[in-house]
$ cat upload_5.cif   # mmCIF, N, CA and C atoms
data_final
loop_
_atom_site.group_PDB
_atom_site.id
_atom_site.type_symbol
_atom_site.label_atom_id
_atom_site.label_comp_id
_atom_site.auth_asym_id
_atom_site.auth_seq_id
_atom_site.Cartn_x
_atom_site.Cartn_y
_atom_site.Cartn_z
ATOM 1 N N MET A 228 -26.546 5.223 -19.246
ATOM 2 C CA MET A 228 -25.145 5.566 -19.117
ATOM 3 C C MET A 228 -24.758 5.752 -17.653
ATOM 4 N N LYS A 229 -25.613 6.436 -16.899
ATOM 5 C CA LYS A 229 -25.326 6.649 -15.481
ATOM 6 C C LYS A 229 -25.281 5.324 -14.726
ATOM 7 N N LYS A 230 -26.092 4.396 -15.174
ATOM 8 C CA LYS A 230 -26.135 3.077 -14.544
ATOM 9 C C LYS A 230 -24.784 2.368 -14.693
ATOM 10 N N TYR A 231 -24.166 2.458 -15.881
ATOM 11 C CA TYR A 231 -22.873 1.830 -16.120
ATOM 12 C C TYR A 231 -21.766 2.497 -15.309
ATOM 13 N N ILE A 232 -21.789 3.797 -15.227
ATOM 14 C CA ILE A 232 -20.793 4.525 -14.433
ATOM 15 C C ILE A 232 -20.903 4.122 -12.968
ATOM 16 N N PHE A 233 -22.126 4.001 -12.476
ATOM 17 C CA PHE A 233 -22.337 3.581 -11.092
ATOM 18 C C PHE A 233 -21.813 2.168 -10.865
ATOM 19 N N LEU A 234 -22.066 1.257 -11.800
ATOM 20 C CA LEU A 234 -21.581 -0.117 -11.685
ATOM 21 C C LEU A 234 -20.049 -0.186 -11.718
ATOM 22 N N ILE A 235 -19.440 0.603 -12.583
ATOM 23 C CA ILE A 235 -17.977 0.663 -12.637
ATOM 24 C C ILE A 235 -17.427 1.213 -11.322
ATOM 25 N N PHE A 236 -18.053 2.223 -10.773
ATOM 26 C CA PHE A 236 -17.645 2.802 -9.491
ATOM 27 C C PHE A 236 -17.716 1.751 -8.381
ATOM 28 N N ILE A 237 -18.793 1.004 -8.325
ATOM 29 C CA ILE A 237 -18.957 -0.056 -7.318
ATOM 30 C C ILE A 237 -17.892 -1.137 -7.504
ATOM 31 N N LEU A 238 -17.619 -1.500 -8.754
ATOM 32 C CA LEU A 238 -16.596 -2.500 -9.044
ATOM 33 C C LEU A 238 -15.212 -2.023 -8.590
ATOM 34 N N VAL A 239 -14.877 -0.772 -8.863
ATOM 35 C CA VAL A 239 -13.590 -0.204 -8.442
ATOM 36 C C VAL A 239 -13.493 -0.204 -6.918
ATOM 37 N N LEU A 240 -14.559 0.156 -6.236
ATOM 38 C CA LEU A 240 -14.565 0.130 -4.765
ATOM 39 C C LEU A 240 -14.370 -1.289 -4.231
ATOM 40 N N ALA A 241 -15.020 -2.250 -4.841
ATOM 41 C CA ALA A 241 -14.897 -3.643 -4.392
ATOM 42 C C ALA A 241 -13.478 -4.165 -4.596
ATOM 43 N N VAL A 242 -12.890 -3.911 -5.755
ATOM 44 C CA VAL A 242 -11.521 -4.348 -6.026
ATOM 45 C C VAL A 242 -10.546 -3.635 -5.091
ATOM 46 N N GLY A 243 -10.719 -2.342 -4.888
ATOM 47 C CA GLY A 243 -9.868 -1.591 -3.964
ATOM 48 C C GLY A 243 -9.968 -2.118 -2.543
ATOM 49 N N GLY A 244 -11.172 -2.418 -2.098
ATOM 50 C CA GLY A 244 -11.362 -2.987 -0.765
ATOM 51 C C GLY A 244 -10.706 -4.341 -0.624
ATOM 52 N N PHE A 245 -10.806 -5.161 -1.663
ATOM 53 C CA PHE A 245 -10.155 -6.469 -1.646
ATOM 54 C C PHE A 245 -8.642 -6.326 -1.528
ATOM 55 N N ILE A 246 -8.058 -5.435 -2.321
ATOM 56 C CA ILE A 246 -6.604 -5.235 -2.297
ATOM 57 C C ILE A 246 -6.149 -4.730 -0.941
ATOM 58 N N ILE A 247 -6.821 -3.760 -0.379
ATOM 59 C CA ILE A 247 -6.422 -3.202 0.917
ATOM 60 C C ILE A 247 -6.546 -4.237 2.029
ATOM 61 N N ASN A 248 -7.546 -5.084 1.964
ATOM 62 C CA ASN A 248 -7.762 -6.075 3.021
ATOM 63 C C ASN A 248 -6.946 -7.349 2.862
ATOM 64 N N SER A 249 -6.416 -7.633 1.675
ATOM 65 C CA SER A 249 -5.728 -8.906 1.491
ATOM 66 C C SER A 249 -4.272 -8.780 1.042
ATOM 67 N N MET A 250 -3.823 -7.575 0.743
ATOM 68 C CA MET A 250 -2.446 -7.403 0.270
ATOM 69 C C MET A 250 -1.726 -6.336 1.083
ATOM 70 N N THR A 251 -0.391 -6.378 1.007
ATOM 71 C CA THR A 251 0.465 -5.434 1.714
ATOM 72 C C THR A 251 1.530 -4.922 0.754
ATOM 73 N N VAL A 252 1.818 -3.634 0.831
ATOM 74 C CA VAL A 252 2.929 -3.040 0.103
ATOM 75 C C VAL A 252 4.128 -3.115 1.040
ATOM 76 N N PHE A 253 5.080 -3.996 0.730
ATOM 77 C CA PHE A 253 6.217 -4.283 1.608
ATOM 78 C C PHE A 253 7.473 -3.675 1.009
ATOM 79 N N SER A 254 8.032 -2.658 1.674
ATOM 80 C CA SER A 254 9.202 -1.938 1.170
ATOM 81 C C SER A 254 10.450 -2.319 1.943
ATOM 82 N N VAL A 255 11.504 -2.653 1.203
ATOM 83 C CA VAL A 255 12.797 -2.962 1.808
ATOM 84 C C VAL A 255 13.747 -1.844 1.419
ATOM 85 N N GLN A 256 14.172 -1.075 2.424
ATOM 86 C CA GLN A 256 15.089 0.033 2.223
ATOM 87 C C GLN A 256 16.402 -0.492 1.633
ATOM 88 N N PRO A 257 17.089 0.305 0.798
ATOM 89 C CA PRO A 257 18.385 -0.152 0.296
ATOM 90 C C PRO A 257 19.328 -0.481 1.456
ATOM 91 N N ILE A 258 19.772 -1.730 1.517
ATOM 92 C CA ILE A 258 20.709 -2.192 2.542
ATOM 93 C C ILE A 258 21.730 -3.088 1.854
ATOM 94 N N GLY A 259 22.694 -3.613 2.582
ATOM 95 C CA GLY A 259 23.750 -4.434 1.997
ATOM 96 C C GLY A 259 23.236 -5.586 1.164
ATOM 97 N N ALA A 260 22.261 -6.329 1.670
ATOM 98 C CA ALA A 260 21.739 -7.500 0.954
ATOM 99 C C ALA A 260 20.923 -7.111 -0.278
ATOM 100 N N VAL A 261 20.289 -5.944 -0.232
ATOM 101 C CA VAL A 261 19.467 -5.455 -1.347
ATOM 102 C C VAL A 261 19.897 -4.015 -1.628
ATOM 103 N N PRO A 262 21.031 -3.802 -2.345
ATOM 104 C CA PRO A 262 21.617 -2.464 -2.473
ATOM 105 C C PRO A 262 20.724 -1.415 -3.135
ATOM 106 N N GLU A 263 19.830 -1.817 -4.032
ATOM 107 C CA GLU A 263 18.960 -0.815 -4.656
ATOM 108 C C GLU A 263 17.581 -0.760 -4.008
ATOM 109 N N GLY A 264 17.343 -1.603 -3.024
ATOM 110 C CA GLY A 264 16.047 -1.635 -2.353
ATOM 111 C C GLY A 264 14.989 -2.255 -3.248
ATOM 112 N N THR A 265 13.839 -2.527 -2.683
ATOM 113 C CA THR A 265 12.742 -3.103 -3.463
ATOM 114 C C THR A 265 11.419 -2.850 -2.755
ATOM 115 N N THR A 266 10.366 -2.877 -3.510
ATOM 116 C CA THR A 266 9.016 -2.812 -2.963
ATOM 117 C C THR A 266 8.246 -3.982 -3.559
ATOM 118 N N LEU A 267 7.569 -4.722 -2.704
ATOM 119 C CA LEU A 267 6.832 -5.900 -3.130
ATOM 120 C C LEU A 267 5.356 -5.744 -2.780
ATOM 121 N N LEU A 268 4.497 -6.211 -3.641
ATOM 122 C CA LEU A 268 3.082 -6.353 -3.314
ATOM 123 C C LEU A 268 2.924 -7.814 -2.927
ATOM 124 N N ILE A 269 2.586 -8.069 -1.660
ATOM 125 C CA ILE A 269 2.514 -9.446 -1.161
ATOM 126 C C ILE A 269 1.142 -9.706 -0.539
ATOM 127 N N TRP A 270 0.815 -11.000 -0.414
ATOM 128 C CA TRP A 270 -0.393 -11.383 0.309
ATOM 129 C C TRP A 270 -0.152 -11.140 1.786
ATOM 130 N N LYS A 271 -1.134 -10.568 2.461
ATOM 131 C CA LYS A 271 -1.039 -10.264 3.887
ATOM 132 C C LYS A 271 -0.857 -11.517 4.713
ATOM 133 N N LYS A 272 -0.048 -11.379 5.752
ATOM 134 C CA LYS A 272 0.124 -12.446 6.737
ATOM 135 C C LYS A 272 -0.315 -11.894 8.080
ATOM 136 N N GLY A 273 -1.336 -12.468 8.651
ATOM 137 C CA GLY A 273 -1.816 -12.002 9.957
ATOM 138 C C GLY A 273 -2.417 -10.611 9.877
ATOM 139 N N ASP A 274 -2.032 -9.771 10.825
ATOM 140 C CA ASP A 274 -2.619 -8.429 10.930
ATOM 141 C C ASP A 274 -1.685 -7.338 10.391
ATOM 142 N N MET A 275 -0.998 -7.615 9.307
ATOM 143 C CA MET A 275 -0.076 -6.639 8.714
ATOM 144 C C MET A 275 -0.850 -5.418 8.225
ATOM 145 N N PRO A 276 -0.271 -4.229 8.408
ATOM 146 C CA PRO A 276 -0.889 -3.035 7.824
ATOM 147 C C PRO A 276 -0.695 -3.018 6.309
ATOM 148 N N PHE A 277 -1.359 -2.105 5.616
ATOM 149 C CA PHE A 277 -1.255 -2.036 4.165
ATOM 150 C C PHE A 277 0.156 -1.662 3.727
ATOM 151 N N PHE A 278 0.819 -0.736 4.439
ATOM 152 C CA PHE A 278 2.210 -0.383 4.173
ATOM 153 C C PHE A 278 3.063 -0.995 5.273
ATOM 154 N N GLU A 279 4.032 -1.824 4.890
ATOM 155 C CA GLU A 279 4.867 -2.527 5.859
ATOM 156 C C GLU A 279 6.309 -2.562 5.371
ATOM 157 N N SER A 280 7.235 -2.703 6.304
ATOM 158 C CA SER A 280 8.657 -2.850 6.005
ATOM 159 C C SER A 280 9.298 -3.599 7.165
ATOM 160 N N PRO A 281 10.491 -4.158 6.953
ATOM 161 C CA PRO A 281 11.173 -4.809 8.081
ATOM 162 C C PRO A 281 11.419 -3.826 9.231
ATOM 163 N N ASP A 282 11.781 -2.594 8.885
ATOM 164 C CA ASP A 282 12.036 -1.594 9.922
ATOM 165 C C ASP A 282 10.759 -1.254 10.693
ATOM 166 N N GLY A 283 9.646 -1.140 9.984
ATOM 167 C CA GLY A 283 8.365 -0.868 10.646
ATOM 168 C C GLY A 283 7.976 -1.993 11.586
ATOM 169 N N MET A 284 8.235 -3.241 11.157
ATOM 170 C CA MET A 284 7.942 -4.394 12.012
ATOM 171 C C MET A 284 8.806 -4.351 13.272
ATOM 172 N N CYS A 285 10.085 -4.020 13.115
ATOM 173 C CA CYS A 285 10.998 -3.956 14.260
ATOM 174 C C CYS A 285 10.572 -2.869 15.243
ATOM 175 N N ILE A 286 10.181 -1.715 14.726
ATOM 176 C CA ILE A 286 9.742 -0.620 15.603
ATOM 177 C C ILE A 286 8.546 -1.061 16.434
ATOM 178 N N ARG A 287 7.571 -1.709 15.796
ATOM 179 C CA ARG A 287 6.371 -2.127 16.528
ATOM 180 C C ARG A 287 6.649 -3.259 17.509
ATOM 181 N N LYS A 288 7.530 -4.193 17.148
ATOM 182 C CA LYS A 288 7.767 -5.366 18.000
ATOM 183 C C LYS A 288 8.726 -5.093 19.154
ATOM 184 N N GLN A 289 9.824 -4.351 18.876
ATOM 185 C CA GLN A 289 10.811 -4.167 19.930
ATOM 186 C C GLN A 289 11.173 -2.713 20.216
ATOM 187 N N GLY A 290 10.625 -1.773 19.450
ATOM 188 C CA GLY A 290 10.849 -0.365 19.741
ATOM 189 C C GLY A 290 12.073 0.240 19.082
ATOM 190 N N TYR A 291 12.886 -0.547 18.403
ATOM 191 C CA TYR A 291 14.067 -0.039 17.708
ATOM 192 C C TYR A 291 14.403 -0.967 16.540
ATOM 193 N N VAL A 292 15.296 -0.501 15.671
ATOM 194 C CA VAL A 292 15.679 -1.254 14.492
ATOM 195 C C VAL A 292 17.106 -1.764 14.662
ATOM 196 N N SER A 293 17.313 -3.040 14.377
ATOM 197 C CA SER A 293 18.651 -3.621 14.395
ATOM 198 C C SER A 293 18.810 -4.525 13.176
ATOM 199 N N LEU A 294 20.040 -4.824 12.828
ATOM 200 C CA LEU A 294 20.290 -5.695 11.681
ATOM 201 C C LEU A 294 19.689 -7.078 11.894
ATOM 202 N N MET A 295 19.793 -7.598 13.105
ATOM 203 C CA MET A 295 19.240 -8.914 13.424
ATOM 204 C C MET A 295 17.713 -8.916 13.250
ATOM 205 N N CYS A 296 17.054 -7.879 13.746
ATOM 206 C CA CYS A 296 15.595 -7.793 13.633
ATOM 207 C C CYS A 296 15.174 -7.677 12.170
ATOM 208 N N ARG A 297 15.899 -6.865 11.386
ATOM 209 C CA ARG A 297 15.588 -6.741 9.961
ATOM 210 C C ARG A 297 15.658 -8.095 9.267
ATOM 211 N N THR A 298 16.711 -8.841 9.567
ATOM 212 C CA THR A 298 16.899 -10.149 8.943
ATOM 213 C C THR A 298 15.773 -11.103 9.296
ATOM 214 N N ILE A 299 15.402 -11.127 10.570
ATOM 215 C CA ILE A 299 14.317 -12.007 11.020
ATOM 216 C C ILE A 299 12.995 -11.592 10.378
ATOM 217 N N ALA A 300 12.735 -10.277 10.327
ATOM 218 C CA ALA A 300 11.488 -9.774 9.737
ATOM 219 C C ALA A 300 11.399 -10.142 8.254
ATOM 220 N N LEU A 301 12.501 -9.994 7.533
ATOM 221 C CA LEU A 301 12.512 -10.368 6.109
ATOM 222 C C LEU A 301 12.263 -11.861 5.941
ATOM 223 N N GLY A 302 12.955 -12.667 6.721
ATOM 224 C CA GLY A 302 12.809 -14.115 6.616
ATOM 225 C C GLY A 302 11.420 -14.606 6.967
ATOM 226 N N ALA A 303 10.796 -13.966 7.940
ATOM 227 C CA ALA A 303 9.473 -14.396 8.391
ATOM 228 C C ALA A 303 8.362 -13.932 7.449
ATOM 229 N N THR A 304 8.631 -12.908 6.660
ATOM 230 C CA THR A 304 7.575 -12.308 5.851
ATOM 231 C C THR A 304 7.602 -12.726 4.396
ATOM 232 N N ILE A 305 8.783 -12.775 3.814
ATOM 233 C CA ILE A 305 8.893 -12.960 2.366
ATOM 234 C C ILE A 305 9.171 -14.418 2.004
ATOM 235 N N ASP A 306 8.308 -14.961 1.176
ATOM 236 C CA ASP A 306 8.569 -16.221 0.500
ATOM 237 C C ASP A 306 8.014 -16.088 -0.918
ATOM 238 N N GLU A 307 8.541 -16.840 -1.832
ATOM 239 C CA GLU A 307 8.176 -16.694 -3.246
ATOM 240 C C GLU A 307 6.675 -16.811 -3.492
ATOM 241 N N ASP A 308 5.982 -17.644 -2.731
ATOM 242 C CA ASP A 308 4.546 -17.839 -2.941
ATOM 243 C C ASP A 308 3.713 -16.626 -2.544
ATOM 244 N N SER A 309 4.253 -15.770 -1.667
ATOM 245 C CA SER A 309 3.465 -14.627 -1.190
ATOM 246 C C SER A 309 3.627 -13.396 -2.078
ATOM 247 N N ILE A 310 4.598 -13.388 -2.976
ATOM 248 C CA ILE A 310 4.867 -12.210 -3.807
ATOM 249 C C ILE A 310 3.904 -12.167 -4.986
ATOM 250 N N VAL A 311 3.158 -11.074 -5.081
ATOM 251 C CA VAL A 311 2.233 -10.862 -6.199
ATOM 252 C C VAL A 311 2.919 -10.056 -7.293
ATOM 253 N N MET A 312 3.697 -9.008 -6.896
ATOM 254 C CA MET A 312 4.338 -8.137 -7.866
ATOM 255 C C MET A 312 5.603 -7.526 -7.257
ATOM 256 N N ARG A 313 6.649 -7.417 -8.063
ATOM 257 C CA ARG A 313 7.892 -6.767 -7.652
ATOM 258 C C ARG A 313 7.951 -5.388 -8.291
ATOM 259 N N LEU A 314 8.304 -4.387 -7.471
ATOM 260 C CA LEU A 314 8.398 -3.014 -7.932
ATOM 261 C C LEU A 314 9.739 -2.437 -7.510
ATOM 262 N N PRO A 315 10.179 -1.339 -8.133
ATOM 263 C CA PRO A 315 11.383 -0.675 -7.636
ATOM 264 C C PRO A 315 11.106 -0.083 -6.247
ATOM 265 N N TYR A 316 12.158 0.269 -5.537
ATOM 266 C CA TYR A 316 12.029 0.835 -4.199
ATOM 267 C C TYR A 316 11.199 2.112 -4.241
ATOM 268 N N ILE A 317 10.184 2.192 -3.380
ATOM 269 C CA ILE A 317 9.327 3.372 -3.273
ATOM 270 C C ILE A 317 9.520 3.941 -1.870
ATOM 271 N N LYS A 318 10.285 5.025 -1.786
ATOM 272 C CA LYS A 318 10.637 5.598 -0.492
ATOM 273 C C LYS A 318 9.407 6.037 0.294
ATOM 274 N N SER A 319 8.420 6.598 -0.365
ATOM 275 C CA SER A 319 7.229 7.067 0.354
ATOM 276 C C SER A 319 6.480 5.912 1.006
ATOM 277 N N ALA A 320 6.452 4.735 0.371
ATOM 278 C CA ALA A 320 5.811 3.566 0.984
ATOM 279 C C ALA A 320 6.603 3.125 2.210
ATOM 280 N N TYR A 321 7.938 3.165 2.109
ATOM 281 C CA TYR A 321 8.787 2.831 3.253
ATOM 282 C C TYR A 321 8.515 3.792 4.416
ATOM 283 N N LEU A 322 8.471 5.089 4.130
ATOM 284 C CA LEU A 322 8.241 6.080 5.191
ATOM 285 C C LEU A 322 6.857 5.930 5.820
ATOM 286 N N LEU A 323 5.855 5.554 5.036
ATOM 287 C CA LEU A 323 4.527 5.313 5.601
ATOM 288 C C LEU A 323 4.549 4.132 6.565
ATOM 289 N N SER A 324 5.415 3.164 6.322
ATOM 290 C CA SER A 324 5.482 1.984 7.190
ATOM 291 C C SER A 324 6.236 2.248 8.489
ATOM 292 N N THR A 325 7.078 3.281 8.509
ATOM 293 C CA THR A 325 7.895 3.561 9.700
ATOM 294 C C THR A 325 7.461 4.823 10.437
ATOM 295 N N GLY A 326 6.364 5.415 10.048
ATOM 296 C CA GLY A 326 5.934 6.654 10.691
ATOM 297 C C GLY A 326 6.821 7.827 10.316
ATOM 298 N N ASN A 327 7.254 7.900 9.057
ATOM 299 C CA ASN A 327 8.120 8.952 8.510
ATOM 300 C C ASN A 327 9.505 8.977 9.122
ATOM 301 N N LYS A 328 9.983 7.846 9.612
ATOM 302 C CA LYS A 328 11.346 7.754 10.153
ATOM 303 C C LYS A 328 12.186 6.935 9.191
ATOM 304 N N GLU A 329 13.439 7.390 9.023
ATOM 305 C CA GLU A 329 14.365 6.664 8.166
ATOM 306 C C GLU A 329 15.552 6.212 9.012
ATOM 307 N N PHE A 330 16.027 4.999 8.783
ATOM 308 C CA PHE A 330 17.086 4.428 9.600
ATOM 309 C C PHE A 330 18.306 4.142 8.753
ATOM 310 N N ASP A 331 19.459 4.021 9.422
ATOM 311 C CA ASP A 331 20.724 3.765 8.719
ATOM 312 C C ASP A 331 20.625 2.498 7.888
ATOM 313 N N LYS A 332 21.340 2.523 6.811
ATOM 314 C CA LYS A 332 21.350 1.370 5.915
ATOM 315 C C LYS A 332 22.345 0.394 6.433
#
$ encode --input "upload_5.cif" --output "structure tokens"
Amino acid sequence: MKKYIFLIFILVLAVGGFIINSMTVFSVQPIGAVPEGTTLLIWKKGDMPFFESPDGMCIRKQGYVSLMCRTIALGATIDEDSIVMRLPYIKSAYLLSTGNKEFDK
């Protein structure tokens, strides 16, 4: 019995490691184009962190958030082939991607 529990534990660790290394939780804050917001589980592109958002990308790339940067970040990141799962907006995932900062909608 202990052998099976150990094997299940190893399997859970392997699957968790795979998800963290190959997928990203991408949160889009409620804005004009997406009024209720959304959270997507997507395949990682490049060196994306596990929690990402357009605002988080803008902060890291240019130091501030603008509508133009949000639009470019969304366009460069999201395509139908990269989406694994669609979820409702998860504010805590968004805040993890921006360092606990929230920006105007």
$ resolve_selection --input "upload_5.cif" --expression "the PyMOL selection byres (((chain A and resi 264-277 and name CA) around 6) and name CA)" --output "JSON list (two decimals) with N, CA and C atoms, keeping the file's coordinate frame"
[["chain", "number", "residue", "atom", "x", "y", "z"],
["A", 249, "SER", "N", -6.42, -7.63, 1.68],
["A", 249, "SER", "CA", -5.73, -8.91, 1.49],
["A", 249, "SER", "C", -4.27, -8.78, 1.04],
["A", 250, "MET", "N", -3.82, -7.58, 0.74],
["A", 250, "MET", "CA", -2.45, -7.40, 0.27],
["A", 250, "MET", "C", -1.73, -6.34, 1.08],
["A", 251, "THR", "N", -0.39, -6.38, 1.01],
["A", 251, "THR", "CA", 0.46, -5.43, 1.71],
["A", 251, "THR", "C", 1.53, -4.92, 0.75],
["A", 252, "VAL", "N", 1.82, -3.63, 0.83],
["A", 252, "VAL", "CA", 2.93, -3.04, 0.10],
["A", 252, "VAL", "C", 4.13, -3.12, 1.04],
["A", 253, "PHE", "N", 5.08, -4.00, 0.73],
["A", 253, "PHE", "CA", 6.22, -4.28, 1.61],
["A", 253, "PHE", "C", 7.47, -3.68, 1.01],
["A", 254, "SER", "N", 8.03, -2.66, 1.67],
["A", 254, "SER", "CA", 9.20, -1.94, 1.17],
["A", 254, "SER", "C", 10.45, -2.32, 1.94],
["A", 255, "VAL", "N", 11.50, -2.65, 1.20],
["A", 255, "VAL", "CA", 12.80, -2.96, 1.81],
["A", 255, "VAL", "C", 13.75, -1.84, 1.42],
["A", 256, "GLN", "N", 14.17, -1.08, 2.42],
["A", 256, "GLN", "CA", 15.09, 0.03, 2.22],
["A", 256, "GLN", "C", 16.40, -0.49, 1.63],
["A", 257, "PRO", "N", 17.09, 0.30, 0.80],
["A", 257, "PRO", "CA", 18.39, -0.15, 0.30],
["A", 257, "PRO", "C", 19.33, -0.48, 1.46],
["A", 261, "VAL", "N", 20.29, -5.94, -0.23],
["A", 261, "VAL", "CA", 19.47, -5.46, -1.35],
["A", 261, "VAL", "C", 19.90, -4.01, -1.63],
["A", 262, "PRO", "N", 21.03, -3.80, -2.35],
["A", 262, "PRO", "CA", 21.62, -2.46, -2.47],
["A", 262, "PRO", "C", 20.72, -1.42, -3.14],
["A", 263, "GLU", "N", 19.83, -1.82, -4.03],
["A", 263, "GLU", "CA", 18.96, -0.82, -4.66],
["A", 263, "GLU", "C", 17.58, -0.76, -4.01],
["A", 278, "PHE", "N", 0.82, -0.74, 4.44],
["A", 278, "PHE", "CA", 2.21, -0.38, 4.17],
["A", 278, "PHE", "C", 3.06, -1.00, 5.27],
["A", 309, "SER", "N", 4.25, -15.77, -1.67],
["A", 309, "SER", "CA", 3.46, -14.63, -1.19],
["A", 309, "SER", "C", 3.63, -13.40, -2.08],
["A", 310, "ILE", "N", 4.60, -13.39, -2.98],
["A", 310, "ILE", "CA", 4.87, -12.21, -3.81],
["A", 310, "ILE", "C", 3.90, -12.17, -4.99],
["A", 311, "VAL", "N", 3.16, -11.07, -5.08],
["A", 311, "VAL", "CA", 2.23, -10.86, -6.20],
["A", 311, "VAL", "C", 2.92, -10.06, -7.29],
["A", 312, "MET", "N", 3.70, -9.01, -6.90],
["A", 312, "MET", "CA", 4.34, -8.14, -7.87],
["A", 312, "MET", "C", 5.60, -7.53, -7.26],
["A", 313, "ARG", "N", 6.65, -7.42, -8.06],
["A", 313, "ARG", "CA", 7.89, -6.77, -7.65],
["A", 313, "ARG", "C", 7.95, -5.39, -8.29],
["A", 314, "LEU", "N", 8.30, -4.39, -7.47],
["A", 314, "LEU", "CA", 8.40, -3.01, -7.93],
["A", 314, "LEU", "C", 9.74, -2.44, -7.51],
["A", 315, "PRO", "N", 10.18, -1.34, -8.13],
["A", 315, "PRO", "CA", 11.38, -0.68, -7.64],
["A", 315, "PRO", "C", 11.11, -0.08, -6.25],
["A", 316, "TYR", "N", 12.16, 0.27, -5.54],
["A", 316, "TYR", "CA", 12.03, 0.84, -4.20],
["A", 316, "TYR", "C", 11.20, 2.11, -4.24]]
$ atom_distance --input "upload_5.cif" --atom1 "atom N of A:Ala303" --atom2 "atom C of A:Ser280"
10.5 Å
$ select_by_dssp --input "upload_5.cif" --residues "chain A" --states "alpha helix (DSSP H)" --output "ChimeraX atom specification"
/A:229-249,281-289,294-304,318-325
$ atom_distance --input "upload_5.cif" --atom1 "atom CA of A:Ala300" --atom2 "atom N of A:Met284"
7.4 Å
$ atom_distance --input "upload_5.cif" --atom1 "atom CA of A:Phe330" --atom2 "atom N of A:Asp306"
22.9 Å
$ residues_around --input "upload_5.cif" --residues "A:Asn327" --least-positions-apart "4" --cutoff "12 Å" --atoms "only C-alpha atoms" --output "list of chain:residue names"
A:Phe278, A:Asp282, A:Gly283, A:Lys318, A:Ser319, A:Ala320, A:Tyr321, A:Leu322, A:Leu323
$ select_by_dssp --input "upload_5.cif" --residues "chain A" --states "strand (DSSP E or B)" --output "PyMOL selection string"
chain A and resi 250-255+265-270+278-279+310-314
$ write_last_selection --input "upload_5.cif" --atoms "N, CA and C atoms" --output "compact mmCIF listing (two decimals), in the coordinates of the input"
# COMPACT_ATOMS: atom_id res chain seq x y z
N MET A 250 -3.82 -7.58 0.74
CA MET A 250 -2.45 -7.40 0.27
C MET A 250 -1.73 -6.34 1.08
N THR A 251 -0.39 -6.38 1.01
CA THR A 251 0.46 -5.43 1.71
C THR A 251 1.53 -4.92 0.75
N VAL A 252 1.82 -3.63 0.83
CA VAL A 252 2.93 -3.04 0.10
C VAL A 252 4.13 -3.12 1.04
N PHE A 253 5.08 -4.00 0.73
CA PHE A 253 6.22 -4.28 1.61
C PHE A 253 7.47 -3.68 1.01
N SER A 254 8.03 -2.66 1.67
CA SER A 254 9.20 -1.94 1.17
C SER A 254 10.45 -2.32 1.94
N VAL A 255 11.50 -2.65 1.20
CA VAL A 255 12.80 -2.96 1.81
C VAL A 255 13.75 -1.84 1.42
N THR A 265 13.84 -2.53 -2.68
CA THR A 265 12.74 -3.10 -3.46
C THR A 265 11.42 -2.85 -2.76
N THR A 266 10.37 -2.88 -3.51
CA THR A 266 9.02 -2.81 -2.96
C THR A 266 8.25 -3.98 -3.56
N LEU A 267 7.57 -4.72 -2.70
CA LEU A 267 6.83 -5.90 -3.13
C LEU A 267 5.36 -5.74 -2.78
N LEU A 268 4.50 -6.21 -3.64
CA LEU A 268 3.08 -6.35 -3.31
C LEU A 268 2.92 -7.81 -2.93
N ILE A 269 2.59 -8.07 -1.66
CA ILE A 269 2.51 -9.45 -1.16
C ILE A 269 1.14 -9.71 -0.54
N TRP A 270 0.82 -11.00 -0.41
CA TRP A 270 -0.39 -11.38 0.31
C TRP A 270 -0.15 -11.14 1.79
N PHE A 278 0.82 -0.74 4.44
CA PHE A 278 2.21 -0.38 4.17
C PHE A 278 3.06 -1.00 5.27
N GLU A 279 4.03 -1.82 4.89
CA GLU A 279 4.87 -2.53 5.86
C GLU A 279 6.31 -2.56 5.37
N ILE A 310 4.60 -13.39 -2.98
CA ILE A 310 4.87 -12.21 -3.81
C ILE A 310 3.90 -12.17 -4.99
N VAL A 311 3.16 -11.07 -5.08
CA VAL A 311 2.23 -10.86 -6.20
C VAL A 311 2.92 -10.06 -7.29
N MET A 312 3.70 -9.01 -6.90
CA MET A 312 4.34 -8.14 -7.87
C MET A 312 5.60 -7.53 -7.26
N ARG A 313 6.65 -7.42 -8.06
CA ARG A 313 7.89 -6.77 -7.65
C ARG A 313 7.95 -5.39 -8.29
N LEU A 314 8.30 -4.39 -7.47
CA LEU A 314 8.40 -3.01 -7.93
C LEU A 314 9.74 -2.44 -7.51
$ closest_residue --input "upload_5.cif" --among "A:Ile232, A:Phe245, A:Thr325, A:Tyr291" --to "A:Glu279" --atoms "only N, CA and C atoms"
A:Thr325
